[in-house]
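**Q** Here it is, the structure, as structure tokens.
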Amino acid sequence: MTRALGGLAAAGLLAGLVMAFGVAPREATQGNVQRIMYLHVPSVWVAYLAFAVVFVASVVYLARRAEAADRLAHASAELGVLFTGLTIATGSIWGKPTWGTWWTWDARLTSVAILFVMYVGYLLLRGMIDERERAARSAAVLGVVAALNIPLVHFSVYWWRTLHQPPSLMKPGGSSMPPVIVAALLVNFAAFSLLYLYFLGRRVRLLGLEAEAAR
Amino acid sequence: MPDNWGFVLAAYGLAAAVLIGYWRRLARKERDLERK
Amino acid sequence: MERRSKETLNALVFFSLLLLFVFQFALGPDRERLAAALPGILWLGFVLAGLLGLGRTFVLERENDCWDALVLVPGDKSAIYVGKLAGNLLLMLTVEVLLLALFTVFFNVDLVPALPGLALVVALGTLGLAAVGTLFAAMTAQVRARELLFPVLLLPVQVPVLLATVKATEAVLLGEPLSAVAHWLKLLVAADVVYVVTGVLTFDVLLES
């Protein structure tokens, strides 16, 4: 099952690369640097998906105390941090030639950076508690607090950067994007989602093996 | 706008390195645990 | 117990005073730059004092080995959370009032006209800080590197509260009406509600044996 998912993810990523470099045209204003978006935007999508899974799994753990839910939360948080890191790195690499700087305190960059440190803290907490059951309980509470904090972070950072202007989400793009670019993005969204699911399966299984070995 | 292929290559290269690295780490840890 | 909390309070106030000196050294004597940076400095001081003060929420239970007693308290544990939160709130507000008074003296700023608005912002912000701080203090109380982990967990979560309070304080000090920062105040109220409710609901999970 995981193996099939892995194959599917690999095929999806290959298709995504073909779409990003073969099918999608050179973007008119940004040039070929825009092709980084086929990597960057699906990464941030997977990161948010992963943190949503952490939230749901944490709530389930608090309600049912199922070890499986805890493993799911742990694995998903790790993947969320991985993909958030990837988002920040690829965004930086895109920003240097486009904006002329590796980093600016733009609203979206800032909120993603805060997410990153929040969930790195989550992983640190997990790593610092030896007792499995207590680590699970503490992490579940933190998983809930961190997730509830995401909208607060989002709004506060947006207002902080844009003063009083109402937030108009996803300003560039939207319907103005050519269909080919949208298609290339969608293929990569699907590929990255499959990759996330594949990694999640592997990581959860590994956590199970680790728990058994420790017993 | 210049093309900056170097930046595109760096981004995709970095992503490939990170994802493959993570995948191999998972596989290695799994093997180690199963051997025990 | 009475004596211990008084000790904490004294040390915290002294710490805040030292912070004032450090800020002064870091910024230099330029009055205008100081005025521009004042809201940020003020909240930096509150947060740093909070990290130290809130991190000690369960220091008594830990040192006297009564963590187990806390765990074994029968009935609803959320009462413990509310009690600890009230204590922390009182501690923080006392430190903040003293720090504000010291600010007016050492930085020669007149806070009196802004006081009603400032009081509201400080109260809302401190509630958010203390609500998460109390919960996280319980979470990290039994962790090896708790002095390190507590701020590492608390600071990123506090970003919305920090941004909202700094921006609102800035407006209040400039003499703007509270309606100009209504969106920030709403965000603070929302954050406070979310944090307190989550704290009440999840606190007993942290105290299970």
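Residue numbering restarts at 1 for every chain of the structure tokens, chains are lettered A, B, ... in their displayed order, and ligands are numbered from 1 as they appear.
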With only C-alpha atoms counted and 7 Å as the cut-off, give the residues of chain A in contact with chain C, each with its shortest interatomic distance in Å and the pair that gives it, as a Markdown table.

**A**
| residue | atom | partner | partner_atom | distance |
| --- | --- | --- | --- | --- |
| A:Ile114 | CA | C:Pro156 | CA | 6.1 |
| A:Val117 | CA | C:Pro156 | CA | 6.6 |
| A:Met118 | CA | C:Pro156 | CA | 5.6 |
| A:Gly121 | CA | C:Leu153 | CA | 5.4 |
| A:Met128 | CA | C:Val143 | CA | 6.4 |
| A:Ile129 | CA | C:Val143 | CA | 6.0 |
| A:Arg137 | CA | C:Val205 | CA | 6.5 |
| A:Ser138 | CA | C:Met139 | CA | 5.9 |
| A:Val141 | CA | C:Thr202 | CA | 6.4 |
| A:Ala146 | CA | C:Val157 | CA | 6.9 |
| A:Asn149 | CA | C:Val157 | CA | 6.7 |
| A:Leu152 | CA | C:Pro160 | CA | 5.9 |
| A:Val153 | CA | C:Pro160 | CA | 5.1 |
| A:Ser156 | CA | C:Pro160 | CA | 5.3 |
| A:Trp160 | CA | C:Leu163 | CA | 7.0 |

**Q** Using C-alpha atoms, can you write the selected residues to a file as a PDB file, in the first residue's frame?

**A**
ATOM      1  CA  ILE A 114       6.417  32.108  12.722  1.00  0.00           C
ATOM      2  CA  VAL A 117       9.451  28.306  14.769  1.00  0.00           C
ATOM      3  CA  MET A 118       6.188  27.337  16.479  1.00  0.00           C
ATOM      4  CA  GLY A 121       9.215  24.192  19.308  1.00  0.00           C
ATOM      5  CA  MET A 128      12.777  16.609  25.546  1.00  0.00           C
ATOM      6  CA  ILE A 129      10.215  14.415  27.319  1.00  0.00           C
ATOM      7  CA  ARG A 137      -0.239  14.536  26.250  1.00  0.00           C
ATOM      8  CA  SER A 138       1.908  17.687  26.292  1.00  0.00           C
ATOM      9  CA  VAL A 141      -2.081  20.322  24.010  1.00  0.00           C
ATOM     10  CA  ALA A 146      -0.414  26.169  17.896  1.00  0.00           C
ATOM     11  CA  ASN A 149      -2.918  30.401  16.922  1.00  0.00           C
ATOM     12  CA  LEU A 152      -4.351  34.940  14.930  1.00  0.00           C
ATOM     13  CA  VAL A 153      -0.801  35.009  13.580  1.00  0.00           C
ATOM     14  CA  SER A 156      -1.926  40.151  13.134  1.00  0.00           C
ATOM     15  CA  TRP A 160       1.105  44.758  10.912  1.00  0.00           C
TER      16      TRP A 160
END

**Q** Using only C-alpha atoms, what does the table of chain A residues within 10 Å of chain B look like, with each row giving the shortest atom pair and its distance in Å to one decimal, sorted by chain and ascending number, as a Markdown table?

**A**
| residue | atom | partner | partner_atom | distance |
| --- | --- | --- | --- | --- |
| A:Leu17 | CA | B:Tyr12 | CA | 9.6 |
| A:Arg26 | CA | B:Asp3 | CA | 9.1 |
| A:Glu27 | CA | B:Met1 | CA | 9.9 |
| A:Ala28 | CA | B:Met1 | CA | 8.6 |
| A:Thr29 | CA | B:Met1 | CA | 6.8 |
| A:Gln30 | CA | B:Met1 | CA | 6.0 |
| A:Gly31 | CA | B:Asp3 | CA | 5.3 |
| A:Asn32 | CA | B:Asp3 | CA | 5.1 |
| A:Val33 | CA | B:Val8 | CA | 5.7 |
| A:Gln34 | CA | B:Val8 | CA | 8.3 |
| A:Arg35 | CA | B:Val8 | CA | 6.9 |
| A:Ile36 | CA | B:Val8 | CA | 5.9 |
| A:Met37 | CA | B:Val8 | CA | 9.7 |
| A:Tyr38 | CA | B:Tyr12 | CA | 9.8 |
| A:Leu39 | CA | B:Tyr12 | CA | 7.4 |
| A:His40 | CA | B:Ala11 | CA | 8.9 |
| A:Ser43 | CA | B:Ala15 | CA | 9.7 |
| A:Leu79 | CA | B:Tyr22 | CA | 9.6 |
| A:Leu82 | CA | B:Val18 | CA | 8.4 |
| A:Phe83 | CA | B:Leu19 | CA | 9.2 |
| A:Gly85 | CA | B:Val18 | CA | 9.8 |
| A:Leu86 | CA | B:Ala15 | CA | 6.6 |
| A:Thr87 | CA | B:Ala15 | CA | 9.3 |
| A:Ala89 | CA | B:Ala11 | CA | 7.7 |
| A:Thr90 | CA | B:Ala11 | CA | 5.3 |
| A:Gly91 | CA | B:Ala11 | CA | 8.6 |
| A:Ser92 | CA | B:Ala11 | CA | 9.1 |
| A:Ile93 | CA | B:Phe7 | CA | 6.1 |
| A:Trp94 | CA | B:Phe7 | CA | 7.0 |
| A:Gly95 | CA | B:Phe7 | CA | 9.7 |
| A:Lys96 | CA | B:Phe7 | CA | 8.5 |
| A:Pro97 | CA | B:Asn4 | CA | 7.2 |
| A:Thr98 | CA | B:Met1 | CA | 8.8 |
| A:Leu195 | CA | B:Leu19 | CA | 9.4 |
| A:Tyr198 | CA | B:Trp23 | CA | 9.9 |
| A:Phe199 | CA | B:Trp23 | CA | 7.5 |
| A:Arg202 | CA | B:Leu26 | CA | 7.2 |
| A:Arg203 | CA | B:Leu26 | CA | 6.9 |
| A:Arg205 | CA | B:Glu30 | CA | 8.5 |
| A:Leu206 | CA | B:Glu30 | CA | 5.9 |
| A:Leu207 | CA | B:Glu30 | CA | 9.3 |
| A:Leu209 | CA | B:Leu33 | CA | 6.7 |
| A:Glu210 | CA | B:Leu33 | CA | 7.1 |
| A:Glu212 | CA | B:Leu33 | CA | 9.4 |
| A:Ala213 | CA | B:Leu33 | CA | 7.3 |

**Q** Residues at most 12 Å from Ala37 (chain C), counting only C-alpha atoms, excluding those fewer than 4 positions away in the same chain, as number ranges by chain?

**A** C: 23-24, 26-28, 30-33, 41-44, 107, 166-167, 169-170, 173

**Q** Give me, as a PyMOL selection string, all polymer residues having an atom no more than 12 Å from Val59 (chain C), counting only C-alpha atoms and skipping those fewer than 3 positions away in the same chain.

**A** chain C and resi 1+4-5+8+52-56+62-67+84+134+137-138+140-142+146-147

**Q** Assign secondary structure with DSSP using the backbone only, and return the residues of region 60-184 of chain A in helix (DSSP H, G or I) as a count of residues only.

**A** 100

**Q** So, with only C-alpha atoms as the atoms that count, which of C:Ile80, C:Leu91, C:Leu38, C:Leu98 lies closest to Gly50 (chain C)?

**A**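 Residue with the minimum atom-to-atom distance to Gly50 (chain C): C:Leu91.
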
**Q** Record the distance separating CA of Val204 (chain A) and CA of Glu67 (chain A), expressed in Å with one decimal.

**A**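 Separation between CA of Val204 (chain A) and CA of Glu67 (chain A): 10.7 Å.
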